[in-house]
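Undergrad: Sending over run-v2.pdb (PDB, C-alpha atoms).
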ATOM      1  CA  MET O   1      -2.225 -55.884  40.800  1.00  0.00           C
ATOM      2  CA  PRO O   2      -2.875 -52.182  41.382  1.00  0.00           C
ATOM      3  CA  ARG O   3      -4.617 -51.331  44.580  1.00  0.00           C
ATOM      4  CA  ASP O   4      -7.479 -48.911  44.767  1.00  0.00           C
ATOM      5  CA  PRO O   5      -6.397 -45.585  46.193  1.00  0.00           C
ATOM      6  CA  VAL O   6      -7.326 -45.158  49.792  1.00  0.00           C
ATOM      7  CA  ILE O   7      -9.320 -42.036  50.493  1.00  0.00           C
ATOM      8  CA  HIS O   8      -9.405 -41.066  54.093  1.00  0.00           C
ATOM      9  CA  SER O   9     -12.358 -39.272  55.570  1.00  0.00           C
ATOM     10  CA  ASN O  10     -10.182 -36.327  56.464  1.00  0.00           C
ATOM     11  CA  GLN O  11      -9.095 -35.917  52.803  1.00  0.00           C
ATOM     12  CA  PRO O  12     -12.292 -35.089  50.935  1.00  0.00           C
ATOM     13  CA  SER O  13     -12.279 -35.230  47.143  1.00  0.00           C
ATOM     14  CA  ALA O  14     -13.533 -32.375  45.015  1.00  0.00           C
ATOM     15  CA  ALA O  15     -15.750 -34.954  43.332  1.00  0.00           C
ATOM     16  CA  ASP O  16     -17.732 -35.223  46.538  1.00  0.00           C
ATOM     17  CA  SER O  17     -19.295 -31.866  45.819  1.00  0.00           C
ATOM     18  CA  PRO O  18     -21.708 -31.882  42.870  1.00  0.00           C
ATOM     19  CA  PHE O  19     -21.036 -28.184  42.290  1.00  0.00           C
ATOM     20  CA  ASP O  20     -17.437 -28.961  41.400  1.00  0.00           C
ATOM     21  CA  VAL O  21     -18.135 -31.917  39.146  1.00  0.00           C
ATOM     22  CA  ALA O  22     -20.422 -30.747  36.388  1.00  0.00           C
ATOM     23  CA  ASP O  23     -22.338 -27.688  35.426  1.00  0.00           C
ATOM     24  CA  GLU O  24     -26.022 -28.080  35.295  1.00  0.00           C
ATOM     25  CA  VAL O  25     -27.141 -27.757  31.693  1.00  0.00           C
ATOM     26  CA  ASP O  26     -29.701 -25.108  31.214  1.00  0.00           C
ATOM     27  CA  GLU O  27     -31.544 -26.052  28.034  1.00  0.00           C
ATOM     28  CA  ALA O  28     -32.493 -22.471  27.265  1.00  0.00           C
ATOM     29  CA  ALA O  29     -28.913 -21.260  27.697  1.00  0.00           C
ATOM     30  CA  LEU O  30     -27.643 -24.141  25.546  1.00  0.00           C
ATOM     31  CA  ALA O  31     -30.135 -23.274  22.817  1.00  0.00           C
ATOM     32  CA  ALA O  32     -29.031 -19.645  22.968  1.00  0.00           C
ATOM     33  CA  VAL O  33     -25.369 -20.623  22.619  1.00  0.00           C
ATOM     34  CA  MET O  34     -26.053 -23.075  19.803  1.00  0.00           C
ATOM     35  CA  ARG O  35     -27.657 -20.285  17.804  1.00  0.00           C
ATOM     36  CA  TYR O  36     -24.232 -18.648  17.513  1.00  0.00           C
ATOM     37  CA  VAL O  37     -21.873 -21.638  17.460  1.00  0.00           C
ATOM     38  CA  PRO O  38     -22.085 -22.360  13.691  1.00  0.00           C
ATOM     39  CA  LEU O  39     -21.675 -18.674  12.921  1.00  0.00           C
ATOM     40  CA  GLY O  40     -18.526 -18.424  15.047  1.00  0.00           C
ATOM     41  CA  ALA O  41     -17.031 -21.562  13.511  1.00  0.00           C
ATOM     42  CA  GLY O  42     -17.870 -20.229  10.062  1.00  0.00           C
ATOM     43  CA  VAL O  43     -16.250 -16.859  10.744  1.00  0.00           C
ATOM     44  CA  LEU O  44     -13.093 -18.489  12.140  1.00  0.00           C
ATOM     45  CA  ALA O  45     -12.734 -21.029   9.323  1.00  0.00           C
ATOM     46  CA  GLY O  46     -13.720 -18.424   6.734  1.00  0.00           C
ATOM     47  CA  ALA O  47     -11.091 -15.980   7.958  1.00  0.00           C
ATOM     48  CA  ALA O  48      -8.411 -18.704   7.901  1.00  0.00           C
ATOM     49  CA  VAL O  49      -9.305 -19.819   4.378  1.00  0.00           C
ATOM     50  CA  ALA O  50      -9.620 -16.224   3.168  1.00  0.00           C
ATOM     51  CA  LEU O  51      -6.069 -15.494   4.373  1.00  0.00           C
ATOM     52  CA  LEU O  52      -4.804 -18.645   2.642  1.00  0.00           C
ATOM     53  CA  VAL O  53      -6.495 -17.752  -0.643  1.00  0.00           C
ATOM     54  CA  LEU O  54      -5.280 -14.168  -0.379  1.00  0.00           C
ATOM     55  CA  GLY O  55      -1.701 -15.429   0.071  1.00  0.00           C
ATOM     56  CA  TYR O  56      -2.077 -17.734  -2.942  1.00  0.00           C
ATOM     57  CA  LEU O  57      -3.437 -14.935  -5.111  1.00  0.00           C
ATOM     58  CA  LEU O  58      -0.721 -12.482  -4.042  1.00  0.00           C
ATOM     59  CA  ILE O  59       2.062 -14.973  -4.862  1.00  0.00           C
ATOM     60  CA  TYR O  60       0.346 -15.924  -8.132  1.00  0.00           C
ATOM     61  CA  VAL O  61      -0.102 -12.334  -9.316  1.00  0.00           C
ATOM     62  CA  LEU O  62       3.026 -10.704  -7.877  1.00  0.00           C
ATOM     63  CA  VAL O  63       5.574 -13.540  -8.250  1.00  0.00           C
ATOM     64  CA  PHE O  64       4.412 -16.274 -10.611  1.00  0.00           C
ATOM     65  CA  ILE O  65       2.930 -14.200 -13.461  1.00  0.00           C
ATOM     66  CA  PRO O  66       5.847 -11.683 -13.695  1.00  0.00           C
ATOM     67  CA  ARG O  67       8.284 -14.598 -14.034  1.00  0.00           C
ATOM     68  CA  GLY O  68       7.097 -15.042 -17.580  1.00  0.00           C
ATOM     69  CA  THR O  69       5.414 -17.653 -19.679  1.00  0.00           C
ATOM     70  CA  VAL O  70       6.559 -21.231 -19.702  1.00  0.00           C
ATOM     71  CA  GLY O  71       5.158 -24.378 -21.196  1.00  0.00           C
TER      72      GLY O  71
ATOM     73  CA  MET Z  72     -39.213 -28.505  23.746  1.00  0.00           C
ATOM     74  CA  SER Z  73     -36.116 -30.348  24.907  1.00  0.00           C
ATOM     75  CA  GLU Z  74     -36.815 -33.152  22.392  1.00  0.00           C
ATOM     76  CA  ARG Z  75     -37.116 -30.749  19.465  1.00  0.00           C
ATOM     77  CA  GLN Z  76     -34.061 -28.671  20.320  1.00  0.00           C
ATOM     78  CA  PRO Z  77     -31.384 -31.211  19.257  1.00  0.00           C
ATOM     79  CA  GLU Z  78     -33.096 -31.651  15.871  1.00  0.00           C
ATOM     80  CA  MET Z  79     -33.083 -27.919  15.374  1.00  0.00           C
ATOM     81  CA  HIS Z  80     -29.387 -27.730  16.270  1.00  0.00           C
ATOM     82  CA  GLU Z  81     -28.537 -30.528  13.856  1.00  0.00           C
ATOM     83  CA  ARG Z  82     -30.468 -28.842  11.050  1.00  0.00           C
ATOM     84  CA  ARG Z  83     -28.684 -25.592  11.740  1.00  0.00           C
ATOM     85  CA  ILE Z  84     -25.268 -27.276  11.785  1.00  0.00           C
ATOM     86  CA  LEU Z  85     -26.088 -29.217   8.615  1.00  0.00           C
ATOM     87  CA  GLY Z  86     -27.130 -25.978   6.939  1.00  0.00           C
ATOM     88  CA  THR Z  87     -23.835 -24.353   7.937  1.00  0.00           C
ATOM     89  CA  GLU Z  88     -21.851 -27.327   6.664  1.00  0.00           C
ATOM     90  CA  LEU Z  89     -23.667 -27.282   3.333  1.00  0.00           C
ATOM     91  CA  LEU Z  90     -23.039 -23.550   3.024  1.00  0.00           C
ATOM     92  CA  TRP Z  91     -19.348 -24.117   3.816  1.00  0.00           C
ATOM     93  CA  SER Z  92     -19.125 -26.917   1.266  1.00  0.00           C
ATOM     94  CA  PHE Z  93     -20.658 -24.623  -1.336  1.00  0.00           C
ATOM     95  CA  GLY Z  94     -18.138 -21.876  -0.473  1.00  0.00           C
ATOM     96  CA  VAL Z  95     -15.193 -24.282  -0.700  1.00  0.00           C
ATOM     97  CA  GLY Z  96     -16.540 -25.579  -4.028  1.00  0.00           C
ATOM     98  CA  VAL Z  97     -16.665 -22.018  -5.362  1.00  0.00           C
ATOM     99  CA  LEU Z  98     -13.068 -21.406  -4.194  1.00  0.00           C
ATOM    100  CA  ILE Z  99     -11.778 -24.585  -5.864  1.00  0.00           C
ATOM    101  CA  ALA Z 100     -13.628 -23.719  -9.065  1.00  0.00           C
ATOM    102  CA  ALA Z 101     -12.190 -20.183  -8.977  1.00  0.00           C
ATOM    103  CA  THR Z 102      -8.636 -21.482  -8.447  1.00  0.00           C
ATOM    104  CA  LEU Z 103      -8.950 -23.964 -11.308  1.00  0.00           C
ATOM    105  CA  SER Z 104     -10.472 -21.241 -13.499  1.00  0.00           C
ATOM    106  CA  ILE Z 105      -7.426 -19.028 -12.889  1.00  0.00           C
ATOM    107  CA  VAL Z 106      -5.111 -21.891 -13.886  1.00  0.00           C
ATOM    108  CA  VAL Z 107      -7.118 -22.674 -17.036  1.00  0.00           C
ATOM    109  CA  PHE Z 108      -7.496 -18.978 -17.931  1.00  0.00           C
ATOM    110  CA  THR Z 109      -3.760 -18.266 -17.673  1.00  0.00           C
ATOM    111  CA  ALA Z 110      -3.023 -21.481 -19.603  1.00  0.00           C
ATOM    112  CA  LEU Z 111      -5.315 -20.467 -22.470  1.00  0.00           C
ATOM    113  CA  THR Z 112      -4.617 -16.741 -22.629  1.00  0.00           C
ATOM    114  CA  MET Z 113      -0.990 -16.470 -21.472  1.00  0.00           C
ATOM    115  CA  GLY Z 114       0.361 -19.873 -22.452  1.00  0.00           C
ATOM    116  CA  ILE Z 115       1.393 -20.822 -18.925  1.00  0.00           C
ATOM    117  CA  ASN Z 116       1.418 -24.628 -18.819  1.00  0.00           C
ATOM    118  CA  PRO Z 117       3.479 -27.272 -17.095  1.00  0.00           C
ATOM    119  CA  PRO Z 118       6.085 -28.605 -19.542  1.00  0.00           C
ATOM    120  CA  SER Z 119       4.610 -31.823 -20.918  1.00  0.00           C
ATOM    121  CA  ASN Z 120       6.764 -33.111 -23.737  1.00  0.00           C
ATOM    122  CA  VAL Z 121       6.953 -36.855 -24.240  1.00  0.00           C
ATOM    123  CA  GLU Z 122       9.734 -37.538 -26.701  1.00  0.00           C
ATOM    124  CA  ARG Z 123      12.103 -40.476 -26.538  1.00  0.00           C
ATOM    125  CA  VAL Z 124      15.817 -40.436 -27.250  1.00  0.00           C
ATOM    126  CA  ASP Z 125      18.395 -43.206 -26.872  1.00  0.00           C
ATOM    127  CA  PRO Z 126      20.686 -42.141 -23.972  1.00  0.00           C
ATOM    128  CA  LYS Z 127      23.410 -44.657 -24.967  1.00  0.00           C
ATOM    129  CA  VAL Z 128      24.192 -42.910 -28.270  1.00  0.00           C
ATOM    130  CA  LEU Z 129      23.250 -39.379 -27.275  1.00  0.00           C
ATOM    131  CA  HIS Z 130      26.703 -37.940 -27.982  1.00  0.00           C
ATOM    132  CA  LEU Z 131      27.400 -39.885 -31.179  1.00  0.00           C
ATOM    133  CA  SER Z 132      24.901 -38.507 -33.641  1.00  0.00           C
ATOM    134  CA  GLY Z 133      21.632 -36.697 -33.956  1.00  0.00           C
ATOM    135  CA  GLU Z 134      20.284 -33.677 -32.211  1.00  0.00           C
ATOM    136  CA  PHE Z 135      22.402 -33.871 -29.050  1.00  0.00           C
ATOM    137  CA  ALA Z 136      25.783 -34.543 -30.707  1.00  0.00           C
ATOM    138  CA  GLU Z 137      28.389 -32.079 -29.463  1.00  0.00           C
ATOM    139  CA  HIS Z 138      28.387 -29.798 -32.509  1.00  0.00           C
ATOM    140  CA  ASN Z 139      24.629 -29.319 -32.141  1.00  0.00           C
ATOM    141  CA  LEU Z 140      24.673 -28.236 -28.510  1.00  0.00           C
ATOM    142  CA  GLY Z 141      24.051 -24.651 -27.483  1.00  0.00           C
ATOM    143  CA  THR Z 142      21.791 -22.033 -28.986  1.00  0.00           C
ATOM    144  CA  SER Z 143      20.829 -21.990 -32.635  1.00  0.00           C
ATOM    145  CA  VAL Z 144      18.503 -19.821 -34.676  1.00  0.00           C
ATOM    146  CA  ALA Z 145      16.560 -21.580 -37.433  1.00  0.00           C
ATOM    147  CA  ALA Z 146      15.792 -20.073 -40.821  1.00  0.00           C
ATOM    148  CA  ASP Z 147      12.323 -19.108 -39.618  1.00  0.00           C
ATOM    149  CA  GLY Z 148      13.869 -17.167 -36.710  1.00  0.00           C
ATOM    150  CA  SER Z 149      12.897 -19.623 -33.983  1.00  0.00           C
ATOM    151  CA  VAL Z 150      15.476 -19.981 -31.204  1.00  0.00           C
ATOM    152  CA  THR Z 151      16.326 -23.399 -29.757  1.00  0.00           C
ATOM    153  CA  ALA Z 152      18.888 -24.209 -27.083  1.00  0.00           C
ATOM    154  CA  ARG Z 153      20.032 -27.815 -26.721  1.00  0.00           C
ATOM    155  CA  ILE Z 154      21.715 -28.796 -23.499  1.00  0.00           C
ATOM    156  CA  ILE Z 155      23.019 -32.067 -22.101  1.00  0.00           C
ATOM    157  CA  ALA Z 156      22.780 -32.561 -18.362  1.00  0.00           C
ATOM    158  CA  THR Z 157      25.374 -35.069 -17.223  1.00  0.00           C
ATOM    159  CA  GLN Z 158      27.221 -35.936 -14.029  1.00  0.00           C
ATOM    160  CA  PHE Z 159      28.251 -33.272 -12.986  1.00  0.00           C
ATOM    161  CA  MET Z 160      27.951 -30.505 -15.533  1.00  0.00           C
ATOM    162  CA  PHE Z 161      25.803 -28.979 -18.211  1.00  0.00           C
ATOM    163  CA  VAL Z 162      27.092 -28.937 -21.770  1.00  0.00           C
ATOM    164  CA  PRO Z 163      27.468 -26.131 -22.672  1.00  0.00           C
ATOM    165  CA  ARG Z 164      28.143 -24.339 -19.393  1.00  0.00           C
ATOM    166  CA  CYS Z 165      26.638 -21.110 -20.691  1.00  0.00           C
ATOM    167  CA  ILE Z 166      23.553 -20.695 -22.860  1.00  0.00           C
ATOM    168  CA  ALA Z 167      22.819 -17.456 -24.693  1.00  0.00           C
ATOM    169  CA  VAL Z 168      19.154 -16.609 -25.233  1.00  0.00           C
ATOM    170  CA  PRO Z 169      17.447 -13.493 -26.595  1.00  0.00           C
ATOM    171  CA  GLN Z 170      15.371 -11.188 -24.450  1.00  0.00           C
ATOM    172  CA  LYS Z 171      11.598 -10.973 -25.061  1.00  0.00           C
ATOM    173  CA  ARG Z 172      11.542 -13.685 -27.716  1.00  0.00           C
ATOM    174  CA  PRO Z 173      10.113 -17.194 -27.483  1.00  0.00           C
ATOM    175  CA  VAL Z 174      12.875 -19.704 -26.792  1.00  0.00           C
ATOM    176  CA  THR Z 175      12.689 -23.495 -26.835  1.00  0.00           C
ATOM    177  CA  LEU Z 176      14.979 -25.214 -24.327  1.00  0.00           C
ATOM    178  CA  ARG Z 177      15.662 -28.890 -24.975  1.00  0.00           C
ATOM    179  CA  PHE Z 178      17.485 -31.072 -22.453  1.00  0.00           C
ATOM    180  CA  ALA Z 179      18.684 -34.662 -22.493  1.00  0.00           C
ATOM    181  CA  ALA Z 180      20.634 -36.767 -19.985  1.00  0.00           C
ATOM    182  CA  PRO Z 181      22.875 -39.753 -20.750  1.00  0.00           C
ATOM    183  CA  ASP Z 182      23.325 -41.041 -17.198  1.00  0.00           C
ATOM    184  CA  VAL Z 183      20.946 -40.389 -14.321  1.00  0.00           C
ATOM    185  CA  ILE Z 184      17.935 -38.229 -13.554  1.00  0.00           C
ATOM    186  CA  HIS Z 185      18.743 -34.530 -13.338  1.00  0.00           C
ATOM    187  CA  GLY Z 186      16.523 -31.483 -12.988  1.00  0.00           C
ATOM    188  CA  ILE Z 187      16.881 -27.840 -13.890  1.00  0.00           C
ATOM    189  CA  LEU Z 188      15.440 -24.530 -12.918  1.00  0.00           C
ATOM    190  CA  ILE Z 189      16.360 -21.060 -14.081  1.00  0.00           C
ATOM    191  CA  THR Z 190      16.351 -18.543 -11.276  1.00  0.00           C
ATOM    192  CA  GLY Z 191      13.788 -15.763 -11.440  1.00  0.00           C
ATOM    193  CA  THR Z 192      11.739 -17.545 -14.098  1.00  0.00           C
ATOM    194  CA  ASN Z 193       9.129 -20.292 -14.160  1.00  0.00           C
ATOM    195  CA  VAL Z 194      11.446 -22.634 -16.107  1.00  0.00           C
ATOM    196  CA  ASN Z 195      11.616 -25.830 -14.075  1.00  0.00           C
ATOM    197  CA  THR Z 196      11.709 -29.404 -15.344  1.00  0.00           C
ATOM    198  CA  MET Z 197      13.142 -32.844 -14.718  1.00  0.00           C
ATOM    199  CA  VAL Z 198      15.666 -34.269 -17.171  1.00  0.00           C
ATOM    200  CA  VAL Z 199      15.159 -38.021 -17.375  1.00  0.00           C
ATOM    201  CA  PRO Z 200      17.489 -40.308 -19.356  1.00  0.00           C
ATOM    202  CA  GLY Z 201      15.660 -41.652 -22.403  1.00  0.00           C
ATOM    203  CA  PHE Z 202      13.449 -38.583 -22.814  1.00  0.00           C
ATOM    204  CA  VAL Z 203      13.877 -35.081 -24.178  1.00  0.00           C
ATOM    205  CA  ALA Z 204      12.740 -32.475 -21.661  1.00  0.00           C
ATOM    206  CA  GLN Z 205      11.431 -29.442 -23.486  1.00  0.00           C
ATOM    207  CA  VAL Z 206      10.400 -26.067 -22.084  1.00  0.00           C
ATOM    208  CA  HIS Z 207       9.139 -23.044 -24.004  1.00  0.00           C
ATOM    209  CA  ALA Z 208      10.005 -19.810 -22.279  1.00  0.00           C
ATOM    210  CA  GLN Z 209      10.284 -16.084 -22.792  1.00  0.00           C
ATOM    211  CA  PHE Z 210      12.828 -14.146 -20.780  1.00  0.00           C
ATOM    212  CA  THR Z 211      11.721 -10.648 -19.876  1.00  0.00           C
ATOM    213  CA  ARG Z 212      14.904  -9.201 -18.353  1.00  0.00           C
ATOM    214  CA  SER Z 213      18.440  -9.289 -19.686  1.00  0.00           C
ATOM    215  CA  GLY Z 214      21.341 -10.475 -17.584  1.00  0.00           C
ATOM    216  CA  ASP Z 215      22.913 -13.668 -16.297  1.00  0.00           C
ATOM    217  CA  LEU Z 216      20.639 -16.211 -14.654  1.00  0.00           C
ATOM    218  CA  LEU Z 217      21.784 -19.219 -12.691  1.00  0.00           C
ATOM    219  CA  MET Z 218      20.653 -22.660 -13.842  1.00  0.00           C
ATOM    220  CA  PRO Z 219      21.500 -25.273 -11.201  1.00  0.00           C
ATOM    221  CA  CYS Z 220      20.700 -28.968 -11.198  1.00  0.00           C
ATOM    222  CA  HIS Z 221      17.878 -29.345  -8.700  1.00  0.00           C
ATOM    223  CA  GLU Z 222      17.627 -33.129  -8.567  1.00  0.00           C
ATOM    224  CA  TYR Z 223      20.285 -34.876  -6.504  1.00  0.00           C
ATOM    225  CA  CYS Z 224      22.394 -36.742  -9.076  1.00  0.00           C
ATOM    226  CA  GLY Z 225      25.477 -37.841  -7.127  1.00  0.00           C
ATOM    227  CA  LEU Z 226      28.392 -36.565  -5.072  1.00  0.00           C
ATOM    228  CA  GLY Z 227      29.136 -33.664  -7.438  1.00  0.00           C
ATOM    229  CA  HIS Z 228      25.527 -32.509  -7.617  1.00  0.00           C
ATOM    230  CA  SER Z 229      26.192 -29.217  -5.837  1.00  0.00           C
ATOM    231  CA  GLU Z 230      28.844 -28.310  -8.430  1.00  0.00           C
ATOM    232  CA  MET Z 231      26.482 -28.842 -11.331  1.00  0.00           C
ATOM    233  CA  TRP Z 232      25.203 -25.542 -12.632  1.00  0.00           C
ATOM    234  CA  ALA Z 233      25.192 -23.428 -15.777  1.00  0.00           C
ATOM    235  CA  THR Z 234      24.542 -19.825 -16.730  1.00  0.00           C
ATOM    236  CA  VAL Z 235      21.718 -18.593 -18.922  1.00  0.00           C
ATOM    237  CA  GLN Z 236      22.801 -15.341 -20.505  1.00  0.00           C
ATOM    238  CA  VAL Z 237      19.768 -13.317 -21.564  1.00  0.00           C
ATOM    239  CA  LEU Z 238      20.945 -10.904 -24.254  1.00  0.00           C
ATOM    240  CA  PRO Z 239      19.128  -7.829 -25.553  1.00  0.00           C
ATOM    241  CA  GLU Z 240      18.016  -8.184 -29.170  1.00  0.00           C
ATOM    242  CA  SER Z 241      20.888  -5.962 -30.363  1.00  0.00           C
ATOM    243  CA  ALA Z 242      23.497  -8.234 -28.742  1.00  0.00           C
ATOM    244  CA  PHE Z 243      21.889 -11.493 -29.851  1.00  0.00           C
ATOM    245  CA  GLN Z 244      23.653 -11.948 -33.174  1.00  0.00           C
ATOM    246  CA  PRO Z 245      23.781 -15.437 -34.731  1.00  0.00           C
ATOM    247  CA  ASP Z 246      26.833 -16.381 -36.793  1.00  0.00           C
ATOM    248  CA  ARG Z 247      26.752 -17.780 -40.358  1.00  0.00           C
ATOM    249  CA  ASP Z 248      25.530 -21.143 -39.078  1.00  0.00           C
ATOM    250  CA  GLY Z 249      22.823 -19.572 -37.000  1.00  0.00           C
ATOM    251  CA  ARG Z 250      24.604 -20.288 -33.754  1.00  0.00           C
ATOM    252  CA  VAL Z 251      24.890 -17.933 -30.790  1.00  0.00           C
ATOM    253  CA  SER Z 252      27.412 -18.231 -27.975  1.00  0.00           C
ATOM    254  CA  CYS Z 253      27.642 -16.431 -24.682  1.00  0.00           C
ATOM    255  CA  ALA Z 254      29.321 -13.039 -24.835  1.00  0.00           C
ATOM    256  CA  GLN Z 255      32.744 -12.996 -23.207  1.00  0.00           C
ATOM    257  CA  ARG Z 256      32.822 -10.645 -20.244  1.00  0.00           C
TER     258      ARG Z 256
END
Could you rewrite the structure in this file as structure tokens?
TA:
Amino acid sequence: MPRDPVIHSNQPSAADSPFDVADEVDEAALAAVMRYVPLGAGVLAGAAVALLVLGYLLIYVLVFIPRGTVG
Amino acid sequence: MSERQPEMHERRILGTELLWSFGVGVLIAATLSIVVFTALTMGINPPSNVERVDPKVLHLSGEFAEHNLGTSVAADGSVTARIIATQFMFVPRCIAVPQKRPVTLRFAAPDVIHGILITGTNVNTMVVPGFVAQVHAQFTRSGDLLMPCHEYCGLGHSEMWATVQVLPESAFQPDRDGRVSCAQR
């Protein structure tokens, strides 16, 4: 059975200090950030999809179409 | 305020997701429109011929008997090439086709599943025993094109290839029977 780790008093854990454990959430700052979060995600995803579609169109127009009709 | 904030965030995120869904819908519709447009105006379609043939008697009589293989020009000027794909060769090994004219390629297999593509063109189809694979194509540039088997068909698969010789109109001369063979070079 695993034993609990022994923490000696002369070996303090970082978790003892609340400043090192979690940031305090400032509601106003969170609201300010959340105003931009969807926009940033949209720009990132939009840029990725735009590059993908651009690649598709370039291959379609410059490679596929010049290879001639088939059916 | 702190109770209303999460609702506002969720509404904003939902709005963004709906906008994204709309954008993706437009992209999919545009992509499909391109495919449909080129199919209707330029005749670019996936080959979709469903035509049965008995693979056991392929070589004995009918369209794929040996004397019928290769390129032939019908009385109405239409060009058809008939090819058998078999382990591990194409019969014939060289197919002559005219440049800038519609050509019908018809393939049949007596043994196992094969596949063909012609390099530098969109010609690409499976050749399944029991069915005639048919592709309509128009070759824009003259010259020799490689036509390998692209479906693993056995130990000799890598040796299975043929040549498609695209001839300028002046060099594409059918004989009395309307047949055209590859030019000797």
Undergrad: If you count all atoms listed in the file, which residues fall within 8 Å of stretch 116-127 of chain Z, apart from same-chain ones fewer than 2 positions away, as a VMD selection string?
TA: (chain O and resid 70 to 71) or (chain Z and resid 110 114 129 179 to 182 196 200 to 207)
Undergrad: Please, what distance in Å, to one decimal, runs between atom CA of O:Glu27 and atom CA of Z:Leu90?
TA: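 Pair atom CA of O:Glu27 / atom CA of Z:Leu90 returns 26.5 Å.
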Undergrad: For a cut-off of 12 Å around (24.7, -20.8, -30.8), file coordinates, pick out all residues using all atoms listed in the file and list them as a PDB file with C-alpha atoms, keeping the file's coordinate frame.
TA:
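Once written, part-v5.pdb looks like this:
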ATOM      1  CA  GLU Z 137      28.389 -32.079 -29.463  1.00  0.00           C
ATOM      2  CA  HIS Z 138      28.387 -29.798 -32.509  1.00  0.00           C
ATOM      3  CA  ASN Z 139      24.629 -29.319 -32.141  1.00  0.00           C
ATOM      4  CA  LEU Z 140      24.673 -28.236 -28.510  1.00  0.00           C
ATOM      5  CA  GLY Z 141      24.051 -24.651 -27.483  1.00  0.00           C
ATOM      6  CA  THR Z 142      21.791 -22.033 -28.986  1.00  0.00           C
ATOM      7  CA  SER Z 143      20.829 -21.990 -32.635  1.00  0.00           C
ATOM      8  CA  VAL Z 144      18.503 -19.821 -34.676  1.00  0.00           C
ATOM      9  CA  ALA Z 145      16.560 -21.580 -37.433  1.00  0.00           C
ATOM     10  CA  VAL Z 150      15.476 -19.981 -31.204  1.00  0.00           C
ATOM     11  CA  THR Z 151      16.326 -23.399 -29.757  1.00  0.00           C
ATOM     12  CA  ALA Z 152      18.888 -24.209 -27.083  1.00  0.00           C
ATOM     13  CA  ARG Z 153      20.032 -27.815 -26.721  1.00  0.00           C
ATOM     14  CA  ILE Z 154      21.715 -28.796 -23.499  1.00  0.00           C
ATOM     15  CA  PRO Z 163      27.468 -26.131 -22.672  1.00  0.00           C
ATOM     16  CA  CYS Z 165      26.638 -21.110 -20.691  1.00  0.00           C
ATOM     17  CA  ILE Z 166      23.553 -20.695 -22.860  1.00  0.00           C
ATOM     18  CA  ALA Z 167      22.819 -17.456 -24.693  1.00  0.00           C
ATOM     19  CA  VAL Z 168      19.154 -16.609 -25.233  1.00  0.00           C
ATOM     20  CA  PRO Z 169      17.447 -13.493 -26.595  1.00  0.00           C
ATOM     21  CA  GLN Z 236      22.801 -15.341 -20.505  1.00  0.00           C
ATOM     22  CA  PHE Z 243      21.889 -11.493 -29.851  1.00  0.00           C
ATOM     23  CA  GLN Z 244      23.653 -11.948 -33.174  1.00  0.00           C
ATOM     24  CA  PRO Z 245      23.781 -15.437 -34.731  1.00  0.00           C
ATOM     25  CA  ASP Z 246      26.833 -16.381 -36.793  1.00  0.00           C
ATOM     26  CA  ARG Z 247      26.752 -17.780 -40.358  1.00  0.00           C
ATOM     27  CA  ASP Z 248      25.530 -21.143 -39.078  1.00  0.00           C
ATOM     28  CA  GLY Z 249      22.823 -19.572 -37.000  1.00  0.00           C
ATOM     29  CA  ARG Z 250      24.604 -20.288 -33.754  1.00  0.00           C
ATOM     30  CA  VAL Z 251      24.890 -17.933 -30.790  1.00  0.00           C
ATOM     31  CA  SER Z 252      27.412 -18.231 -27.975  1.00  0.00           C
ATOM     32  CA  CYS Z 253      27.642 -16.431 -24.682  1.00  0.00           C
ATOM     33  CA  ALA Z 254      29.321 -13.039 -24.835  1.00  0.00           C
TER      34      ALA Z 254
END
Undergrad: Decode the PyMOL selection byres ((chain Z) within 10 of (chain O)) for the given file into explicit residues and return them as number ranges by chain.
TA: Z: 72-73, 76-77, 79-81, 83-88, 90-91, 94-95, 98, 102, 105-106, 109-110, 113-120, 171, 173-175, 190-195, 205-212
Undergrad: Quick check, in Å to one decimal: how far apart do atom CA of Z:Phe93 and atom CA of O:Val61 lie?
TA: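 Computing the Euclidean distance for atom CA of Z:Phe93 and atom CA of O:Val61 yields 25.2 Å.
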Undergrad: In Å, rounded to a single decimal, give me how far atom CA of Z:Glu134 is from atom CA of Z:Ile155.
TA: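 So the answer is 10.6 Å.
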Undergrad: Taking the structure I provided as the source, export stretch 58-64 of chain O with N, CA and C atoms, as a PDB file, in the first residue's frame.
TA:
ATOM      1  N   LEU O  58      -6.141  26.348 -55.485  1.00  0.00           N
ATOM      2  CA  LEU O  58      -4.948  26.422 -56.340  1.00  0.00           C
ATOM      3  C   LEU O  58      -4.715  25.091 -57.055  1.00  0.00           C
ATOM      4  N   ILE O  59      -4.811  23.975 -56.325  1.00  0.00           N
ATOM      5  CA  ILE O  59      -4.607  22.661 -56.942  1.00  0.00           C
ATOM      6  C   ILE O  59      -5.714  22.386 -57.958  1.00  0.00           C
ATOM      7  N   TYR O  60      -6.943  22.765 -57.623  1.00  0.00           N
ATOM      8  CA  TYR O  60      -8.073  22.527 -58.525  1.00  0.00           C
ATOM      9  C   TYR O  60      -7.882  23.290 -59.846  1.00  0.00           C
ATOM     10  N   VAL O  61      -7.519  24.566 -59.728  1.00  0.00           N
ATOM     11  CA  VAL O  61      -7.446  25.418 -60.921  1.00  0.00           C
ATOM     12  C   VAL O  61      -6.142  25.194 -61.696  1.00  0.00           C
ATOM     13  N   LEU O  62      -5.031  25.017 -60.975  1.00  0.00           N
ATOM     14  CA  LEU O  62      -3.738  24.952 -61.658  1.00  0.00           C
ATOM     15  C   LEU O  62      -3.318  23.526 -62.035  1.00  0.00           C
ATOM     16  N   VAL O  63      -3.867  22.516 -61.371  1.00  0.00           N
ATOM     17  CA  VAL O  63      -3.460  21.132 -61.655  1.00  0.00           C
ATOM     18  C   VAL O  63      -4.618  20.311 -62.240  1.00  0.00           C
ATOM     19  N   PHE O  64      -5.734  20.302 -61.526  1.00  0.00           N
ATOM     20  CA  PHE O  64      -6.827  19.401 -61.913  1.00  0.00           C
ATOM     21  C   PHE O  64      -7.476  19.814 -63.250  1.00  0.00           C
TER      22      PHE O  64
END
